[in-house]
file upload15.cif (mmCIF, C-alpha atoms and all ligand atoms)
data_protein
loop_
_atom_site.label_atom_id
_atom_site.label_comp_id
_atom_site.auth_asym_id
_atom_site.auth_seq_id
_atom_site.Cartn_x
_atom_site.Cartn_y
_atom_site.Cartn_z
CA MET A 1 0.00 0.00 0.00
CA SER A 2 1.29 3.46 -0.76
CA ASN A 3 1.16 6.35 1.63
CA ASP A 4 -0.31 8.87 -0.74
CA THR A 5 -1.53 11.38 1.79
CA ALA A 6 0.42 13.78 3.92
CA SER A 7 -0.42 12.45 7.35
CA ALA A 8 1.16 9.01 7.53
CA PRO A 9 4.95 9.05 7.92
CA THR A 10 7.21 7.60 5.26
CA HIS A 11 10.32 6.85 7.36
CA ASP A 12 10.64 3.81 9.61
CA THR A 13 9.90 3.89 13.30
CA VAL A 14 10.98 0.87 15.32
CA LEU A 15 8.70 0.12 18.25
CA THR A 16 8.51 -2.73 20.71
CA GLY A 17 7.00 -3.48 24.11
CA ILE A 18 8.16 -5.59 27.03
CA THR A 19 5.43 -6.98 29.26
CA THR A 20 6.27 -6.33 32.89
CA THR A 21 5.72 -9.74 34.36
CA GLY A 22 8.55 -11.82 35.73
CA THR A 23 12.30 -11.40 36.01
CA PRO A 24 14.40 -11.27 32.81
CA HIS A 25 16.34 -14.47 32.06
CA LEU A 26 19.16 -15.42 29.71
CA GLY A 27 16.65 -16.40 27.01
CA ASN A 28 15.07 -12.93 27.08
CA TYR A 29 18.52 -11.41 27.02
CA VAL A 30 19.84 -13.30 24.02
CA GLY A 31 16.56 -13.34 22.08
CA ALA A 32 15.25 -9.82 22.61
CA ILE A 33 17.10 -7.51 24.96
CA ARG A 34 20.64 -7.77 23.57
CA PRO A 35 19.65 -7.21 19.91
CA ALA A 36 17.29 -4.34 20.82
CA ILE A 37 19.98 -2.61 22.85
CA ALA A 38 22.53 -3.09 20.10
CA ALA A 39 20.05 -1.49 17.69
CA SER A 40 19.58 1.44 20.10
CA GLN A 41 23.27 2.26 19.91
CA GLY A 42 23.32 2.86 16.15
CA ALA A 43 22.98 6.41 14.93
CA ASN A 44 19.83 7.63 13.22
CA VAL A 45 17.37 5.33 14.89
CA ASP A 46 13.84 6.45 15.45
CA ALA A 47 12.76 4.00 18.08
CA TYR A 48 10.26 3.56 20.88
CA TYR A 49 10.80 0.86 23.52
CA PHE A 50 8.27 0.68 26.31
CA LEU A 51 7.33 -1.21 29.45
CA ALA A 52 3.97 -2.76 28.66
CA ASP A 53 2.49 -2.53 32.13
CA PHE A 54 -1.14 -2.40 30.99
CA HIS A 55 -0.43 -5.74 29.34
CA ALA A 56 0.95 -7.07 32.62
CA LEU A 57 -2.50 -6.71 34.19
CA ILE A 58 -3.88 -9.28 31.76
CA LYS A 59 -1.53 -11.97 33.05
CA CYS A 60 -0.90 -10.94 36.63
CA GLN A 61 -3.23 -9.58 39.29
CA ASP A 62 -0.62 -9.40 42.02
CA PRO A 63 0.11 -5.65 42.40
CA ALA A 64 3.42 -6.16 44.19
CA LYS A 65 4.67 -8.46 41.43
CA VAL A 66 3.66 -6.09 38.63
CA HIS A 67 5.38 -3.23 40.41
CA GLU A 68 8.55 -5.19 41.15
CA SER A 69 8.79 -6.55 37.64
CA THR A 70 8.51 -3.03 36.21
CA ARG A 71 11.45 -1.96 38.36
CA GLU A 72 13.49 -5.04 37.42
CA ILE A 73 12.87 -4.78 33.72
CA ALA A 74 13.58 -1.05 33.57
CA ALA A 75 16.78 -1.56 35.58
CA THR A 76 17.80 -4.42 33.29
CA TRP A 77 17.50 -2.44 30.08
CA LEU A 78 19.28 0.56 31.53
CA ALA A 79 22.05 -1.54 33.09
CA LEU A 80 22.70 -3.21 29.76
CA GLY A 81 23.33 0.12 28.12
CA LEU A 82 20.10 1.13 26.43
CA ASN A 83 20.80 4.47 24.82
CA THR A 84 17.91 6.64 26.00
CA ASP A 85 19.11 9.55 23.87
CA ASN A 86 18.39 7.55 20.73
CA VAL A 87 15.41 5.58 21.93
CA VAL A 88 12.26 6.86 23.60
CA PHE A 89 12.03 4.58 26.66
CA TYR A 90 8.78 4.87 28.59
CA ARG A 91 6.14 3.15 30.64
CA GLN A 92 2.89 2.49 28.81
CA SER A 93 0.72 3.63 31.73
CA ASP A 94 2.36 7.07 31.57
CA ILE A 95 0.73 7.63 28.19
CA PRO A 96 -3.02 8.15 28.71
CA GLN A 97 -3.50 8.52 24.96
CA ILE A 98 -2.85 4.78 24.56
CA PRO A 99 -6.03 3.67 26.34
CA GLN A 100 -7.92 6.45 24.55
CA LEU A 101 -6.77 5.17 21.21
CA THR A 102 -7.54 1.63 22.32
CA TRP A 103 -11.18 2.61 22.60
CA PHE A 104 -11.25 4.17 19.14
CA LEU A 105 -9.71 1.01 17.75
CA ASN A 106 -12.14 -1.19 19.68
CA CYS A 107 -14.90 0.61 17.83
CA VAL A 108 -13.53 -0.36 14.41
CA ALA A 109 -11.96 -3.76 15.17
CA ALA A 110 -14.08 -6.72 14.14
CA LYS A 111 -14.99 -9.04 16.98
CA GLY A 112 -14.56 -11.94 14.58
CA LEU A 113 -10.93 -10.95 14.12
CA MET A 114 -10.34 -11.19 17.87
CA ASN A 115 -12.04 -14.59 17.96
CA ARG A 116 -9.17 -15.86 15.82
CA ALA A 117 -6.35 -14.69 18.13
CA HIS A 118 -4.12 -17.62 19.13
CA ALA A 119 -3.87 -16.64 22.80
CA TYR A 120 -7.64 -16.48 23.13
CA LYS A 121 -8.19 -19.68 21.15
CA ASP A 122 -5.67 -21.54 23.31
CA SER A 123 -7.54 -20.51 26.44
CA VAL A 124 -10.85 -21.62 24.94
CA GLN A 125 -9.34 -24.95 23.93
CA LYS A 126 -7.97 -25.50 27.43
CA ASN A 127 -11.44 -24.89 28.81
CA LEU A 128 -13.03 -27.32 26.38
CA ASP A 129 -10.40 -29.97 27.16
CA ALA A 130 -11.12 -29.54 30.86
CA GLY A 131 -14.88 -29.82 30.29
CA GLU A 132 -15.41 -26.21 31.37
CA ASP A 133 -17.58 -23.50 29.84
CA THR A 134 -15.92 -21.98 26.72
CA ASP A 135 -15.23 -18.64 28.33
CA PHE A 136 -14.37 -19.82 31.82
CA GLY A 137 -11.77 -17.49 33.36
CA ILE A 138 -11.33 -15.47 30.15
CA THR A 139 -11.37 -11.73 30.76
CA MET A 140 -12.12 -8.97 28.29
CA GLY A 141 -8.48 -7.98 28.81
CA LEU A 142 -7.27 -11.26 27.37
CA PHE A 143 -9.87 -11.20 24.59
CA SER A 144 -9.18 -7.67 23.42
CA TYR A 145 -5.44 -7.69 24.09
CA PRO A 146 -4.55 -7.44 20.37
CA VAL A 147 -6.47 -4.13 20.23
CA LEU A 148 -4.40 -2.68 23.07
CA MET A 149 -1.29 -3.88 21.30
CA ALA A 150 -2.46 -2.26 18.07
CA ALA A 151 -2.92 1.02 19.96
CA ASP A 152 0.62 0.73 21.39
CA ILE A 153 1.99 0.50 17.89
CA LEU A 154 -0.30 2.89 16.00
CA MET A 155 -0.05 5.61 18.67
CA PHE A 156 3.52 6.23 17.53
CA ASN A 157 3.12 5.10 13.95
CA GLY A 158 5.51 2.22 14.50
CA THR A 159 6.37 0.61 11.17
CA LYS A 160 8.94 -2.03 12.19
CA VAL A 161 8.01 -4.07 15.23
CA PRO A 162 10.65 -6.52 16.51
CA VAL A 163 8.84 -9.43 18.14
CA GLY A 164 9.01 -13.16 18.72
CA ARG A 165 7.24 -15.52 16.34
CA ASP A 166 4.30 -15.89 18.71
CA GLN A 167 3.47 -12.21 18.23
CA ILE A 168 3.34 -12.07 14.42
CA GLN A 169 -0.41 -12.58 14.36
CA HIS A 170 -0.90 -9.56 16.63
CA ILE A 171 1.04 -7.33 14.25
CA GLU A 172 -1.11 -8.57 11.38
CA MET A 173 -4.19 -7.71 13.42
CA ALA A 174 -2.78 -4.25 14.07
CA ARG A 175 -2.39 -3.77 10.32
CA ASP A 176 -5.95 -4.91 9.74
CA ILE A 177 -7.29 -2.55 12.41
CA ALA A 178 -5.19 0.35 11.09
CA GLN A 179 -6.54 -0.21 7.60
CA ARG A 180 -10.11 -0.17 8.82
CA PHE A 181 -9.54 3.04 10.73
CA ASN A 182 -7.81 4.64 7.74
CA HIS A 183 -10.62 3.52 5.48
CA ILE A 184 -13.27 5.13 7.65
CA TYR A 185 -11.48 8.24 8.93
CA GLY A 186 -8.68 8.92 6.44
CA GLN A 187 -5.03 8.06 6.23
CA HIS A 188 -3.77 8.41 9.81
CA PHE A 189 -1.78 5.27 10.45
CA ALA A 190 1.21 3.70 8.78
CA LEU A 191 0.86 -0.07 8.49
CA PRO A 192 3.20 -1.89 10.89
CA GLU A 193 5.28 -4.91 9.98
CA ALA A 194 6.65 -7.59 12.30
CA VAL A 195 10.42 -7.95 12.32
CA VAL A 196 11.42 -11.46 13.33
CA ASP A 197 15.14 -12.02 13.49
CA ASP A 198 15.99 -15.59 12.52
CA HIS A 199 19.63 -15.11 13.48
CA VAL A 200 19.15 -14.51 17.17
CA ALA A 201 19.22 -17.67 19.19
CA VAL A 202 16.18 -19.15 20.86
CA LEU A 203 17.95 -20.30 23.98
CA GLN A 204 17.40 -23.71 25.54
CA GLY A 205 16.68 -23.90 29.25
CA LEU A 206 18.04 -26.14 32.01
CA ASP A 207 16.01 -29.11 30.75
CA GLY A 208 16.83 -28.62 27.05
CA ARG A 209 13.40 -27.25 26.13
CA LYS A 210 13.06 -23.59 25.08
CA MET A 211 14.04 -21.38 28.02
CA SER A 212 10.75 -20.02 29.26
CA LYS A 213 9.21 -18.90 32.50
CA SER A 214 6.25 -21.18 31.89
CA TYR A 215 8.54 -24.24 31.85
CA GLY A 216 10.35 -23.20 35.04
CA ASN A 217 13.69 -23.93 33.33
CA THR A 218 15.21 -20.45 33.20
CA ILE A 219 18.49 -18.95 34.29
CA PRO A 220 17.70 -15.45 35.61
CA LEU A 221 19.90 -12.82 33.99
CA PHE A 222 21.39 -11.07 37.00
CA LEU A 223 21.88 -13.82 39.53
CA PRO A 224 24.78 -13.29 41.92
CA GLU A 225 27.89 -15.16 40.68
CA LYS A 226 27.53 -18.13 43.00
CA LYS A 227 23.94 -18.70 42.03
CA LEU A 228 24.71 -18.28 38.35
CA LYS A 229 27.33 -21.00 38.71
CA LYS A 230 24.84 -23.25 40.50
CA HIS A 231 22.21 -22.78 37.79
CA ILE A 232 24.72 -23.53 35.05
CA ASN A 233 25.70 -26.70 36.87
CA LYS A 234 22.06 -27.78 36.71
CA ILE A 235 21.94 -27.75 32.89
CA LYS A 236 20.96 -31.22 31.75
CA THR A 237 23.75 -33.28 30.15
CA ASN A 238 24.24 -37.00 29.50
CA LEU A 239 26.34 -39.64 31.25
CA LEU A 240 29.37 -39.51 28.96
CA GLU A 241 32.62 -39.57 30.93
CA PRO A 242 35.58 -37.21 30.59
CA GLY A 243 37.58 -38.25 27.54
CA GLU A 244 34.54 -39.57 25.67
CA PRO A 245 33.68 -37.47 22.60
CA LYS A 246 30.46 -35.43 23.01
CA ASP A 247 28.04 -34.14 20.40
CA PRO A 248 27.96 -30.34 20.55
CA ASP A 249 24.90 -30.07 18.33
CA THR A 250 22.60 -31.82 20.77
CA SER A 251 24.08 -30.17 23.86
CA THR A 252 22.37 -27.35 25.74
CA VAL A 253 25.73 -26.38 27.26
CA PHE A 254 27.15 -25.90 23.77
CA GLN A 255 24.06 -24.12 22.52
CA ILE A 256 24.23 -21.55 25.31
CA TRP A 257 27.98 -21.27 24.80
CA ARG A 258 27.42 -20.34 21.19
CA ALA A 259 25.00 -17.55 22.13
CA PHE A 260 27.71 -15.81 24.16
CA ALA A 261 30.91 -16.77 22.33
CA THR A 262 32.74 -15.33 19.34
CA GLU A 263 32.94 -17.54 16.27
CA GLU A 264 36.47 -18.46 17.21
CA GLN A 265 35.50 -19.46 20.73
CA THR A 266 32.65 -21.52 19.32
CA ALA A 267 34.94 -23.39 16.93
CA HIS A 268 37.34 -24.01 19.78
CA MET A 269 34.62 -25.40 22.06
CA ARG A 270 33.41 -27.65 19.25
CA LYS A 271 36.91 -29.19 19.17
CA GLU A 272 36.89 -29.54 22.94
CA PHE A 273 33.64 -31.49 22.71
CA GLU A 274 35.13 -33.78 20.10
CA ASN A 275 38.15 -34.26 22.35
CA GLY A 276 35.92 -35.32 25.20
CA ILE A 277 35.92 -32.30 27.52
CA ALA A 278 34.40 -33.21 30.90
CA TRP A 279 30.90 -31.80 31.49
CA GLY A 280 32.11 -30.15 34.67
CA GLU A 281 34.87 -28.39 32.79
CA ALA A 282 32.60 -27.29 29.94
CA LYS A 283 30.17 -25.83 32.46
CA LYS A 284 32.94 -24.07 34.32
CA GLN A 285 34.08 -22.42 31.10
CA LEU A 286 30.48 -21.55 30.22
CA PHE A 287 30.04 -19.86 33.58
CA GLU A 288 33.19 -17.82 33.02
CA LEU A 289 32.11 -16.75 29.56
CA ILE A 290 28.64 -15.64 30.62
CA ASN A 291 29.90 -14.04 33.80
CA GLU A 292 32.43 -12.02 31.86
CA GLU A 293 29.69 -10.51 29.70
CA LEU A 294 27.33 -9.87 32.61
CA ARG A 295 29.65 -8.80 35.40
CA GLU A 296 29.62 -5.07 34.77
CA PRO A 297 25.96 -4.78 33.80
CA ARG A 298 25.14 -6.79 36.95
CA GLU A 299 26.88 -4.19 39.09
CA ARG A 300 24.99 -1.38 37.38
CA TYR A 301 21.77 -3.37 37.75
CA ASN A 302 22.25 -3.77 41.48
CA GLU A 303 22.96 -0.07 41.83
CA LEU A 304 19.85 0.85 39.87
CA MET A 305 17.70 -1.53 41.87
CA GLU A 306 18.86 0.30 44.98
CA ASN A 307 17.96 3.62 43.40
CA PRO A 308 14.42 3.40 42.02
CA ALA A 309 14.08 7.21 42.06
CA HIS A 310 16.72 7.36 39.36
CA ILE A 311 14.87 4.81 37.23
CA GLU A 312 11.67 6.77 37.77
CA LYS A 313 13.33 9.97 36.58
CA ILE A 314 14.52 8.33 33.36
CA LEU A 315 11.08 6.84 32.70
CA ARG A 316 9.41 10.20 33.23
CA GLU A 317 11.76 11.87 30.80
CA GLY A 318 10.96 9.13 28.31
CA ALA A 319 7.22 9.58 28.87
CA GLU A 320 7.54 13.29 28.19
CA LYS A 321 9.22 12.61 24.88
CA ALA A 322 6.57 10.05 24.02
CA ARG A 323 3.74 12.42 24.90
CA ALA A 324 5.26 15.12 22.72
CA TYR A 325 4.14 12.82 19.91
CA SER A 326 1.03 11.17 21.35
CA VAL A 327 -0.75 14.28 22.66
CA PRO A 328 -0.95 16.22 19.37
CA PHE A 329 -1.56 13.03 17.41
CA MET A 330 -4.45 12.13 19.69
CA GLU A 331 -5.92 15.61 19.22
CA LYS A 332 -5.87 15.03 15.52
CA LEU A 333 -7.50 11.63 15.92
CA ASN A 334 -10.18 13.06 18.20
CA LYS A 335 -11.01 15.51 15.50
CA ALA A 336 -10.99 12.83 12.84
CA VAL A 337 -13.68 10.82 14.65
CA GLY A 338 -15.79 13.88 15.48
CA LEU A 339 -14.82 14.59 19.08
CA TYR A 340 -13.87 18.26 19.26
CA SER A 341 -14.89 21.60 20.64
CA LEU A 342 -18.31 22.97 19.79
CA ALA A 343 -17.13 26.55 20.12
N1 LIG B 1 2.57 -8.60 23.61
C1 LIG B 1 4.01 -8.47 23.52
C2 LIG B 1 4.65 -9.72 24.12
O1 LIG B 1 4.01 -10.43 24.87
C3 LIG B 1 4.49 -7.24 24.25
C4 LIG B 1 3.93 -6.02 23.61
C5 LIG B 1 2.91 -5.24 24.08
C6 LIG B 1 4.34 -5.47 22.38
N2 LIG B 1 2.66 -4.24 23.21
C7 LIG B 1 3.52 -4.33 22.16
C8 LIG B 1 5.31 -5.83 21.44
C9 LIG B 1 3.65 -3.56 21.00
C10 LIG B 1 5.44 -5.05 20.29
C11 LIG B 1 4.61 -3.93 20.08
O2 LIG B 1 5.79 -9.99 23.82
#
call {"tool": "encode", "arguments": {"input": "upload15.cif", "output": "structure tokens"}}
result
Amino acid sequence: MSNDTASAPTHDTVLTGITTTGTPHLGNYVGAIRPAIAASQGANVDAYYFLADFHALIKCQDPAKVHESTREIAATWLALGLNTDNVVFYRQSDIPQIPQLTWFLNCVAAKGLMNRAHAYKDSVQKNLDAGEDTDFGITMGLFSYPVLMAADILMFNGTKVPVGRDQIQHIEMARDIAQRFNHIYGQHFALPEAVVDDHVAVLQGLDGRKMSKSYGNTIPLFLPEKKLKKHINKIKTNLLEPGEPKDPDTSTVFQIWRAFATEEQTAHMRKEFENGIAWGEAKKQLFELINEELREPRERYNELMENPAHIEKILREGAEKARAYSVPFMEKLNKAVGLYSLA
């Protein structure tokens, strides 16, 4: 589709959200945080990264946990060197225009479209399997979550949205909703595209399955050294003895190694596996490699966690930058739908 009217932007805006539930783990780091921070350090980026705390309420109704996770995730991104001069870094709930836009979008989004959302369908299926009513335990928050996500993106005219594979459908829904709005009210929104990076590793967890909070197999990102070592020692291996050749390509230890190592280090470890490196030794070296990369950020993280007022200040500055865009844009959208002064 061409942007043939003046209002929709023609340059790319990168935008992504991080739901504030849970504590970041190595899988989050390798798969999402590290590449996003690397991208934030390049010149000439127009990017919005935000803490999706409205989204957290869909999954978690424990206020203390939502609050703590927000602090942890903000501290994590800052400790790892997010460049907040290049990237607008804010908390979703500091932008009241997002829920306003959500309502506008709710009024054009087809209910049938939401019925097809994977997350909703999975919940329905679980209910049916358990012999429950279709909608047992399903809130409107869960059902209409793709609309909130569309508002997150369209509020800032995000065009490139880095996400995991599980989120592609939501970006397609955002496009669909944007098109409907544009069709009815004129060309206001650029159409977003999902950016899925096939090169970043999907890290395996302690048990060899994908590292994920829902499997309980994660290695939290900023564990103290001793605990990090303990977690790494828990990674599942086989019973091969020292001196017996080991297959790197089926090994979680090797897979995590590769996500942190240079190409040279990876080639070297491959040889070590063939030469029968002991599991204990491989894990020791893995600990050292990971710890080397995380030692300094961990110190900054601990300092930030002790100083939430500083985090708050940075988030408020980010929110101000974000509102410099969202406030006037929302005024324009209000006008477009017919909500404006009678005088
Ligand atoms: N739903 C996303 C996730 O679970 C997080 C998110 C919320 C998001 N709003 C967004 C991602 C907007 C990209 C753009 O990972």
call {"tool": "atom_distance", "arguments": {"input": "upload15.cif", "atom1": "atom CA of Lys234 of chain A", "atom2": "atom CA of Asp247 of chain A"}}
result
18.5 Å
call {"tool": "closest_residue", "arguments": {"input": "upload15.cif", "among": "A:His25, A:Lys65, A:Lys313, A:Lys160", "to": "Thr218 of chain A", "atoms": "all atoms listed in the file"}}
result
A:His25
call {"tool": "closest_residue", "arguments": {"input": "upload15.cif", "among": "A:Leu15, A:Asp198, A:Asn182, A:Ala38", "to": "Leu80 of chain A", "atoms": "all atoms listed in the file"}}
result
A:Ala38
call {"tool": "closest_atom_pairs", "arguments": {"input": "upload15.cif", "of": "chain A", "to": "ligand LIG 1 (chain B)", "cutoff": "7 Å", "atoms": "all atoms listed in the file", "output": "Markdown table"}}
result
| residue | atom | partner | partner_atom | distance |
| --- | --- | --- | --- | --- |
| A:Leu15 | CA | B:LIG1 | C11 | 6.0 |
| A:Thr16 | CA | B:LIG1 | C10 | 3.9 |
| A:Gly17 | CA | B:LIG1 | C6 | 3.7 |
| A:Ile18 | CA | B:LIG1 | C3 | 4.9 |
| A:Thr19 | CA | B:LIG1 | C3 | 5.1 |
| A:Ala52 | CA | B:LIG1 | C5 | 5.3 |
| A:His55 | CA | B:LIG1 | C5 | 6.3 |
| A:Met149 | CA | B:LIG1 | N2 | 4.4 |
| A:Ala150 | CA | B:LIG1 | C9 | 6.9 |
| A:Asp152 | CA | B:LIG1 | C9 | 5.3 |
| A:Ile153 | CA | B:LIG1 | C9 | 5.4 |
| A:Val161 | CA | B:LIG1 | C10 | 5.8 |
| A:Pro162 | CA | B:LIG1 | C10 | 6.6 |
| A:Val163 | CA | B:LIG1 | C10 | 5.9 |
| A:Gly164 | CA | B:LIG1 | O2 | 6.8 |
| A:Gln167 | CA | B:LIG1 | O2 | 6.4 |
call {"tool": "axis_aligned_box", "arguments": {"input": "upload15.cif", "around": "segment 82-101 of chain A", "padding_each_side": "5 Å", "output": "lines of an AutoDock Vina configuration file"}}
result
center_x = 6.4
center_y = 5.3
center_z = 26.2
size_x = 38.7
size_y = 18.4
size_z = 21.0
call {"tool": "closest_residue", "arguments": {"input": "upload15.cif", "among": "A:Phe254, A:Phe222, A:Tyr185, A:Phe273", "to": "Gln204 of chain A", "atoms": "all atoms listed in the file"}}
result
A:Phe254
call {"tool": "closest_residue", "arguments": {"input": "upload15.cif", "among": "A:Gly338, A:Gly158, A:Gly141, A:Pro35", "to": "Phe54 of chain A", "atoms": "all atoms listed in the file"}}
result
A:Gly141
call {"tool": "closest_atom_pairs", "arguments": {"input": "upload15.cif", "of": "segment 140-234 of chain A", "to": "segment 316-331 of chain A", "cutoff": "10 Å", "atoms": "only C-alpha atoms", "output": "tab-separated table"}}
result
residue	atom	partner	partner_atom	distance
A:Leu154	CA	A:Ser326	CA	9.9
A:Met155	CA	A:Ser326	CA	6.3
A:Phe156	CA	A:Ser326	CA	6.7
A:Asn157	CA	A:Ser326	CA	9.8
A:His188	CA	A:Phe329	CA	9.2
call {"tool": "atom_distance", "arguments": {"input": "upload15.cif", "atom1": "atom CA of Glu293 of chain A", "atom2": "atom CA of Arg91 of chain A"}}
result
27.2 Å
call {"tool": "closest_residue", "arguments": {"input": "upload15.cif", "among": "A:Phe50, A:Tyr90, A:Trp103, A:Phe287", "to": "Asn334 of chain A", "atoms": "all atoms listed in the file"}}
result
A:Trp103
call {"tool": "atom_distance", "arguments": {"input": "upload15.cif", "atom1": "atom CA of Leu228 of chain A", "atom2": "atom CA of Pro248 of chain A"}}
result
21.7 Å
call {"tool": "residues_around", "arguments": {"input": "upload15.cif", "residues": "Ile177 of chain A", "least_positions_apart": "2", "cutoff": "10 Å", "atoms": "all atoms listed in the file", "output": "list in words"}}
result
Leu105, Asn106, Cys107, Val108, Ala109, Ala110, Leu113, Pro146, Val147, Ala150, Ala151, Leu154, Ile171, Glu172, Met173, Ala174, Arg175, Gln179, Arg180, Phe181, Asn182, His183, Phe189 and Leu191 of chain A
call {"tool": "residues_around", "arguments": {"input": "upload15.cif", "residues": "Phe260 of chain A", "least_positions_apart": "6", "cutoff": "9 Å", "atoms": "all atoms listed in the file", "output": "mmCIF file with C-alpha atoms, keeping the file's coordinate frame"}}
result
data_model
loop_
_atom_site.group_PDB
_atom_site.id
_atom_site.type_symbol
_atom_site.label_atom_id
_atom_site.label_comp_id
_atom_site.auth_asym_id
_atom_site.auth_seq_id
_atom_site.Cartn_x
_atom_site.Cartn_y
_atom_site.Cartn_z
ATOM 1 C CA VAL A 30 19.840 -13.300 24.020
ATOM 2 C CA THR A 266 32.650 -21.520 19.320
ATOM 3 C CA LEU A 286 30.480 -21.550 30.220
ATOM 4 C CA LEU A 289 32.110 -16.750 29.560
ATOM 5 C CA ILE A 290 28.640 -15.640 30.620
ATOM 6 C CA GLU A 293 29.690 -10.510 29.700
#
call {"tool": "build_atoms", "arguments": {"input": "upload15.cif", "residues": "segment 274-285 of chain A", "atoms": "N, CA, C and O atoms", "output": "mmCIF file, in the coordinates of the input"}}
result
data_model
loop_
_atom_site.group_PDB
_atom_site.id
_atom_site.type_symbol
_atom_site.label_atom_id
_atom_site.label_comp_id
_atom_site.auth_asym_id
_atom_site.auth_seq_id
_atom_site.Cartn_x
_atom_site.Cartn_y
_atom_site.Cartn_z
ATOM 1 N N GLU A 274 34.654 -32.604 20.834
ATOM 2 C CA GLU A 274 35.130 -33.780 20.100
ATOM 3 C C GLU A 274 36.248 -34.486 20.869
ATOM 4 O O GLU A 274 36.353 -35.716 20.857
ATOM 5 N N ASN A 275 37.051 -33.685 21.568
ATOM 6 C CA ASN A 275 38.150 -34.260 22.350
ATOM 7 C C ASN A 275 37.705 -34.796 23.705
ATOM 8 O O ASN A 275 38.543 -35.220 24.507
ATOM 9 N N GLY A 276 36.429 -34.701 23.982
ATOM 10 C CA GLY A 276 35.920 -35.320 25.200
ATOM 11 C C GLY A 276 36.040 -34.477 26.460
ATOM 12 O O GLY A 276 36.195 -35.001 27.568
ATOM 13 N N ILE A 277 35.914 -33.173 26.326
ATOM 14 C CA ILE A 277 35.920 -32.300 27.520
ATOM 15 C C ILE A 277 34.931 -32.828 28.562
ATOM 16 O O ILE A 277 33.847 -33.332 28.206
ATOM 17 N N ALA A 278 35.317 -32.765 29.835
ATOM 18 C CA ALA A 278 34.400 -33.210 30.900
ATOM 19 C C ALA A 278 33.246 -32.212 31.019
ATOM 20 O O ALA A 278 33.437 -31.013 30.833
ATOM 21 N N TRP A 279 32.056 -32.702 31.342
ATOM 22 C CA TRP A 279 30.900 -31.800 31.490
ATOM 23 C C TRP A 279 31.186 -30.717 32.518
ATOM 24 O O TRP A 279 30.842 -29.554 32.333
ATOM 25 N N GLY A 280 31.813 -31.112 33.606
ATOM 26 C CA GLY A 280 32.110 -30.150 34.670
ATOM 27 C C GLY A 280 32.984 -29.013 34.151
ATOM 28 O O GLY A 280 32.758 -27.847 34.470
ATOM 29 N N GLU A 281 33.961 -29.392 33.334
ATOM 30 C CA GLU A 281 34.870 -28.390 32.790
ATOM 31 C C GLU A 281 34.150 -27.478 31.784
ATOM 32 O O GLU A 281 34.322 -26.256 31.797
ATOM 33 N N ALA A 282 33.334 -28.080 30.929
ATOM 34 C CA ALA A 282 32.600 -27.290 29.940
ATOM 35 C C ALA A 282 31.687 -26.281 30.647
ATOM 36 O O ALA A 282 31.580 -25.120 30.253
ATOM 37 N N LYS A 283 31.068 -26.722 31.719
ATOM 38 C CA LYS A 283 30.170 -25.830 32.460
ATOM 39 C C LYS A 283 30.951 -24.723 33.168
ATOM 40 O O LYS A 283 30.480 -23.582 33.253
ATOM 41 N N LYS A 284 32.112 -25.080 33.654
ATOM 42 C CA LYS A 284 32.940 -24.070 34.320
ATOM 43 C C LYS A 284 33.312 -22.970 33.311
ATOM 44 O O LYS A 284 33.207 -21.784 33.607
ATOM 45 N N GLN A 285 33.708 -23.406 32.118
ATOM 46 C CA GLN A 285 34.080 -22.420 31.100
ATOM 47 C C GLN A 285 32.861 -21.605 30.655
ATOM 48 O O GLN A 285 32.968 -20.417 30.376
#
